[in-house]
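*Asks:* Structure supplied as input.pdb; contents: PDB, C-alpha atoms.
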```
ATOM      1  CA  MET A   1       1.608  28.224   9.186
ATOM      2  CA  VAL A   2      -1.336  28.655  11.574
ATOM      3  CA  ARG A   3      -2.932  25.540  10.119
ATOM      4  CA  ARG A   4       0.227  23.515  10.765
ATOM      5  CA  ILE A   5       0.465  24.796  14.360
ATOM      6  CA  LEU A   6      -3.145  23.831  15.022
ATOM      7  CA  ARG A   7      -2.556  20.401  13.553
ATOM      8  CA  THR A   8       0.528  19.895  15.748
ATOM      9  CA  ALA A   9      -1.398  21.015  18.821
ATOM     10  CA  ALA A  10      -4.198  18.571  18.027
ATOM     11  CA  VAL A  11      -1.705  15.727  17.687
ATOM     12  CA  MET A  12      -0.116  16.589  21.039
ATOM     13  CA  LEU A  13      -3.517  16.521  22.742
ATOM     14  CA  LEU A  14      -4.215  13.107  21.270
ATOM     15  CA  LEU A  15      -0.917  11.499  22.199
ATOM     16  CA  PRO A  16      -2.071  10.213  25.603
ATOM     17  CA  ALA A  17      -4.962   8.346  23.953
ATOM     18  CA  ILE A  18      -2.595   6.804  21.430
ATOM     19  CA  ALA A  19      -0.178   5.775  24.183
ATOM     20  CA  LEU A  20      -2.917   3.634  25.742
ATOM     21  CA  ALA A  21      -2.671   1.338  22.744
ATOM     22  CA  ALA A  22       1.135   0.987  22.907
ATOM     23  CA  LEU A  23       2.291  -2.069  21.005
ATOM     24  CA  LYS A  24       5.180  -4.307  22.012
ATOM     25  CA  TRP A  25       7.464  -4.072  18.996
ATOM     26  CA  ARG A  26      10.570  -6.159  18.480
ATOM     27  CA  GLU A  27      13.707  -4.087  17.947
ATOM     28  CA  ASP A  28      16.123  -6.461  16.209
ATOM     29  CA  SER A  29      16.218  -4.869  12.750
ATOM     30  CA  PRO A  30      16.192  -1.370  11.233
ATOM     31  CA  ALA A  31      12.926  -2.226   9.459
ATOM     32  CA  MET A  32      11.179  -2.740  12.797
ATOM     33  CA  THR A  33      12.135   0.783  13.860
ATOM     34  CA  VAL A  34      10.811   2.169  10.584
ATOM     35  CA  LEU A  35       7.582   0.160  10.873
ATOM     36  CA  LYS A  36       7.021   1.288  14.449
ATOM     37  CA  GLU A  37       7.439   4.974  13.562
ATOM     38  CA  TYR A  38       5.274   4.590  10.464
ATOM     39  CA  THR A  39       2.460   2.924  12.430
ATOM     40  CA  GLU A  40       2.641   5.578  15.154
ATOM     41  CA  GLN A  41       2.259   8.292  12.518
ATOM     42  CA  ALA A  42      -0.698   6.457  10.971
ATOM     43  CA  ASN A  43      -2.249   6.153  14.432
ATOM     44  CA  GLN A  44      -2.027   9.887  14.946
ATOM     45  CA  LEU A  45      -3.840  10.460  11.662
ATOM     46  CA  LEU A  46      -6.467   7.827  12.483
ATOM     47  CA  THR A  47      -7.177   9.429  15.842
ATOM     48  CA  GLN A  48      -7.424  12.897  14.288
ATOM     49  CA  ALA A  49      -9.968  11.531  11.807
ATOM     50  CA  GLY A  50     -12.106  10.023  14.579
ATOM     51  CA  GLU A  51     -11.071   6.422  13.865
ATOM     52  CA  SER A  52      -9.590   4.010  16.410
ATOM     53  CA  PRO A  53      -5.809   3.511  16.192
ATOM     54  CA  VAL A  54      -3.988   0.271  15.498
ATOM     55  CA  ASN A  55      -4.049  -1.333  18.945
ATOM     56  CA  SER A  56      -3.348  -5.049  18.518
ATOM     57  CA  LEU A  57      -0.222  -6.834  17.361
ATOM     58  CA  PHE A  58      -1.042 -10.405  16.381
ATOM     59  CA  SER A  59       2.436 -11.401  15.227
ATOM     60  CA  ASN A  60       5.707  -9.534  14.892
ATOM     61  CA  TYR A  61       8.476 -11.318  13.028
ATOM     62  CA  PRO A  62      11.410  -9.794  11.133
ATOM     63  CA  ALA A  63       9.902 -10.670   7.747
ATOM     64  CA  GLU A  64       6.193 -10.178   8.490
ATOM     65  CA  THR A  65       4.043  -8.342  11.013
ATOM     66  CA  VAL A  66       0.278  -8.686  11.409
ATOM     67  CA  MET A  67      -1.620  -6.041  13.375
ATOM     68  CA  GLY A  68      -5.127  -4.639  13.546
ATOM     69  CA  ILE A  69      -7.748  -2.343  15.002
ATOM     70  CA  THR A  70      -9.820  -4.181  17.592
ATOM     71  CA  MET A  71     -12.498  -3.392  20.159
ATOM     72  CA  GLU A  72     -10.048  -4.017  23.010
ATOM     73  CA  ASP A  73      -6.309  -3.360  23.099
ATOM     74  CA  ASN A  74      -3.938  -6.264  22.500
ATOM     75  CA  ALA A  75      -6.593  -8.652  21.234
ATOM     76  CA  GLU A  76      -5.526 -12.107  20.113
ATOM     77  CA  ILE A  77      -7.806 -12.470  17.082
ATOM     78  CA  PRO A  78      -8.257 -10.015  14.161
ATOM     79  CA  GLU A  79     -11.656  -8.371  13.801
ATOM     80  CA  SER A  80     -12.808  -5.899  11.132
ATOM     81  CA  VAL A  81      -9.417  -4.346  10.336
ATOM     82  CA  GLU A  82      -6.267  -6.348   9.638
ATOM     83  CA  ILE A  83      -2.908  -5.018   8.444
ATOM     84  CA  THR A  84      -0.096  -7.247   7.225
ATOM     85  CA  VAL A  85       3.332  -5.733   6.582
ATOM     86  CA  ARG A  86       6.218  -7.541   4.921
ATOM     87  CA  CYS A  87       9.701  -6.247   5.630
ATOM     88  CA  TYR A  88      13.266  -6.625   4.504
ATOM     89  CA  TYR A  89      16.011  -6.311   7.097
ATOM     90  CA  ASP A  90      16.404  -2.572   6.634
ATOM     91  CA  SER A  91      13.127  -1.396   5.061
ATOM     92  CA  MET A  92       9.456  -2.123   4.523
ATOM     93  CA  ASP A  93       8.431  -4.127   1.475
ATOM     94  CA  MET A  94       4.628  -4.253   1.277
ATOM     95  CA  LEU A  95       1.556  -3.410   3.343
ATOM     96  CA  GLN A  96      -1.812  -5.063   2.867
ATOM     97  CA  LEU A  97      -4.833  -3.508   4.566
ATOM     98  CA  ARG A  98      -8.103  -5.439   4.797
ATOM     99  CA  VAL A  99     -11.295  -3.867   6.143
ATOM    100  CA  SER A 100     -14.716  -5.510   6.323
ATOM    101  CA  GLU A 101     -16.625  -2.250   6.925
ATOM    102  CA  PRO A 102     -16.637  -0.126   3.751
ATOM    103  CA  ASP A 103     -17.474   3.109   5.563
ATOM    104  CA  ARG A 104     -14.269   2.792   7.599
ATOM    105  CA  PHE A 105     -12.032   1.797   4.708
ATOM    106  CA  PRO A 106     -11.337   5.271   3.196
ATOM    107  CA  VAL A 107     -10.117   6.807   6.463
ATOM    108  CA  ILE A 108      -7.952   3.849   7.454
ATOM    109  CA  ALA A 109      -6.403   3.529   3.995
ATOM    110  CA  ALA A 110      -5.830   7.285   3.827
ATOM    111  CA  ALA A 111      -4.026   7.238   7.166
ATOM    112  CA  PHE A 112      -1.430   4.772   5.908
ATOM    113  CA  ILE A 113      -1.056   6.647   2.627
ATOM    114  CA  SER A 114      -0.784  10.027   4.312
ATOM    115  CA  ALA A 115       1.672   8.705   6.912
ATOM    116  CA  LEU A 116       3.993   7.840   4.037
ATOM    117  CA  TYR A 117       3.661  11.115   2.132
ATOM    118  CA  GLY A 118       3.421  13.511   5.083
ATOM    119  CA  ASP A 119       2.915  17.163   4.108
ATOM    120  CA  ARG A 120       3.477  16.349   0.436
ATOM    121  CA  MET A 121      -0.098  15.052   0.111
ATOM    122  CA  THR A 122      -3.304  16.531   1.485
ATOM    123  CA  TRP A 123      -5.688  14.415   3.514
ATOM    124  CA  GLU A 124      -8.308  14.921   0.823
ATOM    125  CA  ASP A 125      -5.996  13.488  -1.841
ATOM    126  CA  ALA A 126      -5.115  10.544   0.365
ATOM    127  CA  MET A 127      -8.832   9.823   0.858
ATOM    128  CA  ARG A 128      -9.896  10.192  -2.765
ATOM    129  CA  ILE A 129      -9.123   6.798  -4.293
ATOM    130  CA  PRO A 130      -9.968   4.710  -1.193
ATOM    131  CA  ALA A 131     -13.323   6.517  -1.026
ATOM    132  CA  GLU A 132     -13.987   5.773  -4.702
ATOM    133  CA  ARG A 133     -13.212   2.092  -4.174
ATOM    134  CA  ALA A 134     -15.452   1.891  -1.116
ATOM    135  CA  LYS A 135     -18.275   3.569  -3.034
ATOM    136  CA  LYS A 136     -17.807   1.100  -5.888
ATOM    137  CA  ALA A 137     -18.057  -1.844  -3.484
ATOM    138  CA  LYS A 138     -21.123  -0.457  -1.726
ATOM    139  CA  SER A 139     -22.929   0.313  -4.988
ATOM    140  CA  ASN A 140     -22.616  -3.282  -6.167
ATOM    141  CA  PRO A 141     -21.785  -5.422  -3.106
ATOM    142  CA  GLY A 142     -22.074  -8.722  -4.931
ATOM    143  CA  ASN A 143     -19.434  -7.916  -7.585
ATOM    144  CA  SER A 144     -15.761  -8.365  -6.812
ATOM    145  CA  PHE A 145     -12.895  -6.406  -8.336
ATOM    146  CA  GLU A 146      -9.136  -6.749  -8.071
ATOM    147  CA  GLU A 147      -6.353  -4.640  -9.560
ATOM    148  CA  PRO A 148      -3.288  -6.694 -10.563
ATOM    149  CA  VAL A 149      -0.436  -6.092  -8.124
ATOM    150  CA  GLU A 150       3.134  -5.528  -9.296
ATOM    151  CA  GLU A 151       5.077  -6.532  -6.179
ATOM    152  CA  MET A 152       8.518  -5.393  -7.293
ATOM    153  CA  ASN A 153       9.668  -2.367  -5.304
ATOM    154  CA  GLY A 154      10.297   0.702  -7.423
ATOM    155  CA  THR A 155      11.425   4.244  -6.749
ATOM    156  CA  ILE A 156       7.989   5.515  -5.704
ATOM    157  CA  PRO A 157       5.113   4.021  -3.651
ATOM    158  CA  ARG A 158       2.271   2.257  -5.458
ATOM    159  CA  THR A 159      -1.231   1.355  -4.282
ATOM    160  CA  TYR A 160      -3.651  -1.273  -5.584
ATOM    161  CA  TYR A 161      -7.227  -2.034  -4.534
ATOM    162  CA  ALA A 162      -9.473  -5.081  -4.408
ATOM    163  CA  TYR A 163     -12.893  -6.120  -3.146
ATOM    164  CA  PHE A 164     -13.843  -9.682  -2.164
ATOM    165  CA  PRO A 165     -17.527 -10.215  -1.312
ATOM    166  CA  ASN A 166     -18.251 -13.148   0.997
ATOM    167  CA  GLN A 167     -14.654 -14.282   0.541
ATOM    168  CA  TYR A 168     -14.741 -17.006   3.204
ATOM    169  CA  ARG A 169     -18.407 -17.937   2.785
ATOM    170  CA  ASP A 170     -19.255 -16.294   6.108
ATOM    171  CA  GLY A 171     -21.228 -13.327   4.751
ATOM    172  CA  VAL A 172     -18.345 -10.895   5.345
ATOM    173  CA  ASN A 173     -17.112  -8.657   2.506
ATOM    174  CA  TRP A 174     -13.514  -7.385   2.447
ATOM    175  CA  LEU A 175     -12.061  -4.248   0.900
ATOM    176  CA  GLN A 176      -8.314  -4.408   0.423
ATOM    177  CA  MET A 177      -5.479  -1.996  -0.270
ATOM    178  CA  THR A 178      -1.988  -3.198  -1.154
ATOM    179  CA  LEU A 179       0.744  -0.598  -0.746
ATOM    180  CA  ILE A 180       4.136  -1.355  -2.295
ATOM    181  CA  PHE A 181       6.854   0.669  -0.615
ATOM    182  CA  PRO A 182       9.731   2.193  -2.607
ATOM    183  CA  MET A 183      13.199   0.737  -2.290
ATOM    184  CA  ALA A 184      15.171   2.133   0.620
ATOM    185  CA  GLY A 185      16.976   5.334  -0.309
ATOM    186  CA  THR A 186      15.376   5.703  -3.756
ATOM    187  CA  TRP A 187      12.301   7.856  -3.159
ATOM    188  CA  ASP A 188      12.580  11.573  -2.460
ATOM    189  CA  GLY A 189       8.861  12.086  -1.923
ATOM    190  CA  GLU A 190       8.319  14.274  -4.990
ATOM    191  CA  GLY A 191       6.416  11.628  -6.932
ATOM    192  CA  MET A 192       2.850  10.617  -6.115
ATOM    193  CA  VAL A 193       0.952   7.445  -6.970
ATOM    194  CA  LEU A 194      -2.821   7.292  -7.307
ATOM    195  CA  GLY A 195      -4.961   4.324  -8.330
ATOM    196  CA  THR A 196      -7.152   4.354 -11.411
ATOM    197  CA  GLU A 197      -9.907   2.094 -12.649
ATOM    198  CA  GLU A 198      -7.432   0.295 -14.890
ATOM    199  CA  GLY A 199      -4.611   0.084 -12.354
ATOM    200  CA  GLN A 200      -2.018   2.671 -11.398
ATOM    201  CA  GLU A 201      -1.279   6.199 -12.498
ATOM    202  CA  PHE A 202       2.258   7.399 -11.836
ATOM    203  CA  LEU A 203       2.549  11.144 -11.330
ATOM    204  CA  LEU A 204       6.141  12.347 -11.483
ATOM    205  CA  PRO A 205       7.799  15.717 -12.084
ATOM    206  CA  GLU A 206       7.473  16.631 -15.757
ATOM    207  CA  ASP A 207      11.245  16.761 -16.287
ATOM    208  CA  GLU A 208      11.477  13.060 -15.440
ATOM    209  CA  TYR A 209       9.110  12.005 -18.226
ATOM    210  CA  ASP A 210      10.203  11.865 -21.859
ATOM    211  CA  PRO A 211       7.262  10.985 -24.166
ATOM    212  CA  ASP A 212       9.666  10.365 -27.069
ATOM    213  CA  TYR A 213      11.549   7.616 -25.267
ATOM    214  CA  GLU A 214      10.302   4.223 -26.433
ATOM    215  CA  GLY A 215      11.677   2.178 -23.556
ATOM    216  CA  TYR A 216      10.612   2.455 -19.928
ATOM    217  CA  GLN A 217       7.823   4.945 -19.330
ATOM    218  CA  SER A 218       7.421   6.252 -15.795
ATOM    219  CA  LYS A 219       3.671   6.621 -16.328
ATOM    220  CA  ASP A 220       2.920   3.299 -17.971
ATOM    221  CA  ASP A 221       2.265   1.351 -14.715
ATOM    222  CA  TYR A 222       5.023  -1.147 -15.539
ATOM    223  CA  THR A 223       3.036  -2.609 -18.439
ATOM    224  CA  HIS A 224       5.759  -1.704 -20.951
ATOM    225  CA  LEU A 225       8.294  -4.513 -21.169
ATOM    226  CA  GLU A 226      11.213  -4.963 -23.535
ATOM    227  CA  THR A 227      11.405  -8.634 -24.545
ATOM    228  CA  PHE A 228      14.314 -10.243 -26.356
ATOM    229  CA  THR A 229      13.652 -13.625 -27.948
ATOM    230  CA  THR A 230      15.640 -16.172 -29.920
ATOM    231  CA  PRO A 231      13.702 -17.233 -33.056
ATOM    232  CA  THR A 232      12.906 -20.914 -33.370
ATOM    233  CA  PRO A 233      14.708 -22.396 -36.421
ATOM    234  CA  GLU A 234      12.667 -23.882 -39.211
ATOM    235  CA  PRO A 235      12.524 -27.703 -39.104
ATOM    236  CA  ASP A 236      14.323 -28.043 -42.452
ATOM    237  CA  SER A 237      17.089 -25.546 -41.648
ATOM    238  CA  ALA A 238      20.651 -26.464 -40.660
ATOM    239  CA  ALA A 239      20.138 -24.831 -37.279
ATOM    240  CA  ALA A 240      17.397 -27.318 -36.458
ATOM    241  CA  GLU A 241      20.036 -30.005 -36.019
ATOM    242  CA  TYR A 242      21.203 -28.394 -32.799
ATOM    243  CA  ASP A 243      19.501 -28.333 -29.422
ATOM    244  CA  PHE A 244      19.237 -24.713 -28.244
ATOM    245  CA  ARG A 245      17.746 -25.504 -24.831
TER     246      ARG A 245
END
```
Render the structure in this file as structure tokens.
*Replies:*
Amino acid sequence: MVRRILRTAAVMLLLPAIALAALKWREDSPAMTVLKEYTEQANQLLTQAGESPVNSLFSNYPAETVMGITMEDNAEIPESVEITVRCYYDSMDMLQLRVSEPDRFPVIAAAFISALYGDRMTWEDAMRIPAERAKKAKSNPGNSFEEPVEEMNGTIPRTYYAYFPNQYRDGVNWLQMTLIFPMAGTWDGEGMVLGTEEGQEFLLPEDEYDPDYEGYQSKDDYTHLETFTTPTPEPDSAAAEYDFR
């Protein structure tokens, strides 16, 4: 309880600094309201962690918003931190964070993860995977990696990571996090998604996972698919006389 009070007090002290970087959001869809509140929460966490808040809005359309952290407020051109968010009319679809400074990546990624989970995830847990990915990039800066992204919205959030060294042949290396938001109204916050070397690990309450069920597995990172096919008839069979296309 004391810890929560101290955290709230710290946020209140930091609010004036965050207000200096107020962004001019459009307000013509429910998703814009959600995105604004989500970004404000992430900014509070960034400021608490000693990082600059999101302070520039490069474009703000109903389907896609591009924002970033820049040296000066309301800059016109992205710098070392760029965030692209795709939205539906009533909810957020996907967030892609790109950071060219690996030491900053864990904190910025954690802020957007923690802003989504709130008190259900510790700051340390939110930092863990981004920090591992940044360490991996720094230990071998010339080697890229990219986790395949499943873009379909599910019932829980999912995160994927990538690293692109010298992506635009300008000597700049980019770390990337893609966050897929859950469908509106489907996620109760009890599940938690963490990245792994192979892809995603889905952590759900034990009573929601049945190891004996051979169909969809909530922990199988969407790699389990049920496929139904029509066999191709043999050339000399009667069925071969018909066109099944």
*Asks:* Using the chain letters and numbers from the file, give me the residues hit by the PyMOL selection byres ((chain A and resi 91) around 8), as a PDB file with C-alpha atoms, in the coordinates of the input.
*Replies:*
```pdb
ATOM      1  CA  PRO A  30      16.192  -1.370  11.233  1.00  0.00           C
ATOM      2  CA  ALA A  31      12.926  -2.226   9.459  1.00  0.00           C
ATOM      3  CA  VAL A  34      10.811   2.169  10.584  1.00  0.00           C
ATOM      4  CA  CYS A  87       9.701  -6.247   5.630  1.00  0.00           C
ATOM      5  CA  TYR A  88      13.266  -6.625   4.504  1.00  0.00           C
ATOM      6  CA  TYR A  89      16.011  -6.311   7.097  1.00  0.00           C
ATOM      7  CA  ASP A  90      16.404  -2.572   6.634  1.00  0.00           C
ATOM      8  CA  MET A  92       9.456  -2.123   4.523  1.00  0.00           C
ATOM      9  CA  ASP A  93       8.431  -4.127   1.475  1.00  0.00           C
ATOM     10  CA  MET A 183      13.199   0.737  -2.290  1.00  0.00           C
ATOM     11  CA  ALA A 184      15.171   2.133   0.620  1.00  0.00           C
TER      12      ALA A 184
END
```
*Asks:* Have a look at atom CA of A:Arg98 and atom CA of A:Phe181 and let me know their distance in Å, one decimal.
*Replies:*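 Atom-to-atom, atom CA of A:Arg98 and atom CA of A:Phe181 are spaced 17.0 Å apart.
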*Asks:* Dig up all the protein and nucleic acid residues within 12 Å of (11.3, -16.1, 10.5) in the file frame, using only C-alpha atoms, and format them as a ChimeraX atom specification.
*Replies:* /A:59-65,86-89
*Asks:* If you count only C-alpha atoms, which residues fall within 6 Å of A:Tyr163, apart from same-chain ones fewer than 2 positions away, as a PDB file with C-alpha atoms, in the coordinates of the input?
*Replies:*
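around.pdb, freshly written:
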```
ATOM      1  CA  SER A 144     -15.761  -8.365  -6.812  1.00  0.00           C
ATOM      2  CA  PHE A 145     -12.895  -6.406  -8.336  1.00  0.00           C
ATOM      3  CA  TRP A 174     -13.514  -7.385   2.447  1.00  0.00           C
ATOM      4  CA  LEU A 175     -12.061  -4.248   0.900  1.00  0.00           C
TER       5      LEU A 175
END
```
*Asks:* For atom CA of A:Leu179 and atom CA of A:Pro130, quote the distance in Å rounded to one decimal.
*Replies:*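 Atom CA of A:Pro130 lies at a distance of 12.0 Å from atom CA of A:Leu179.
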*Asks:* What's around stretch 134-139 of chain A at 12 Å? Count all atoms listed in the file, leave out sequence neighbours fewer than 3 positions away in its own chain, and write the answer as a VMD selection string.
*Replies:* chain A and resid 98 to 109 127 to 131 142 to 146 161 to 165 173 to 177 197
*Asks:* Counting all atoms listed in the file, which residue out of A:Thr122, A:Thr159, A:Tyr117, A:Gly50 sits closest to A:Leu97?
*Replies:*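 Under the stated criterion, the closest residue is A:Thr159.
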*Asks:* Set out as JSON lines a contact list for stretch 19-44 of chain A and stretch 51-54 of chain A with a cut-off of 8 Å, giving each residue of stretch 19-44 of chain A that qualifies its closest atom pair and distance in Å to one decimal, counting only C-alpha atoms, ordered by chain and rising residue number.
*Replies:*
```
{"residue": "A:Ala21", "atom": "CA", "partner": "A:Val54", "partner_atom": "CA", "distance": 7.4}
{"residue": "A:Thr39", "atom": "CA", "partner": "A:Val54", "partner_atom": "CA", "distance": 7.6}
{"residue": "A:Ala42", "atom": "CA", "partner": "A:Pro53", "partner_atom": "CA", "distance": 7.9}
{"residue": "A:Asn43", "atom": "CA", "partner": "A:Pro53", "partner_atom": "CA", "distance": 4.8}
{"residue": "A:Gln44", "atom": "CA", "partner": "A:Pro53", "partner_atom": "CA", "distance": 7.5}
```
*Asks:* For the atom pair atom CA of A:Leu57 and atom CA of A:Asn74, what is the interatomic distance in Å to one decimal place?
*Replies:*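 Between atom CA of A:Leu57 and atom CA of A:Asn74 the gap works out to 6.4 Å.
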*Asks:* Up to 7 Å from (-3.1, -7.9, 18.7) in the file's coordinates: name the residues, counting only C-alpha atoms, as a tab-separated table (two decimals) with C-alpha atoms, keeping the file's coordinate frame.
*Replies:*
```tsv
chain	number	residue	atom	x	y	z
A	55	ASN	CA	-4.05	-1.33	18.94
A	56	SER	CA	-3.35	-5.05	18.52
A	57	LEU	CA	-0.22	-6.83	17.36
A	58	PHE	CA	-1.04	-10.40	16.38
A	67	MET	CA	-1.62	-6.04	13.38
A	68	GLY	CA	-5.13	-4.64	13.55
A	74	ASN	CA	-3.94	-6.26	22.50
A	75	ALA	CA	-6.59	-8.65	21.23
A	76	GLU	CA	-5.53	-12.11	20.11
A	77	ILE	CA	-7.81	-12.47	17.08
```
*Asks:* Return the single residue from A:Ser114, A:Thr70, A:Gln167, A:Thr178 that is closest to A:Glu150, with distances computed using only C-alpha atoms.
*Replies:*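 Once distances to A:Glu150 are computed over only C-alpha atoms, the minimum belongs to A:Thr178.
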*Asks:* Please write as a CSV table (one decimal) with C-alpha atoms, keeping the file's coordinate frame the full residue list that the PyMOL selection byres ((chain A and resi 182) around 7) yields on this file.
*Replies:*
```
chain,number,residue,atom,x,y,z
A,153,ASN,CA,9.7,-2.4,-5.3
A,154,GLY,CA,10.3,0.7,-7.4
A,155,THR,CA,11.4,4.2,-6.7
A,156,ILE,CA,8.0,5.5,-5.7
A,157,PRO,CA,5.1,4.0,-3.7
A,180,ILE,CA,4.1,-1.4,-2.3
A,181,PHE,CA,6.9,0.7,-0.6
A,183,MET,CA,13.2,0.7,-2.3
A,184,ALA,CA,15.2,2.1,0.6
A,186,THR,CA,15.4,5.7,-3.8
A,187,TRP,CA,12.3,7.9,-3.2
```
*Asks:* Go ahead and fit an axis-aligned box to every listed atom of stretch 159-166 of chain A plus 8 Å each side, and pass me the centre and edge lengths in Å, one decimal, as JSON.
*Replies:*
```
{"center_x": -9.7, "center_y": -5.9, "center_z": -2.3, "size_x": 33.0, "size_y": 30.5, "size_z": 22.6}
```
*Asks:* Using all atoms listed in the file, which of the listed residues (A:Ala110, A:Ile69, A:Met152, A:Leu116) sits closest to A:Glu132?
*Replies:* A:Ala110
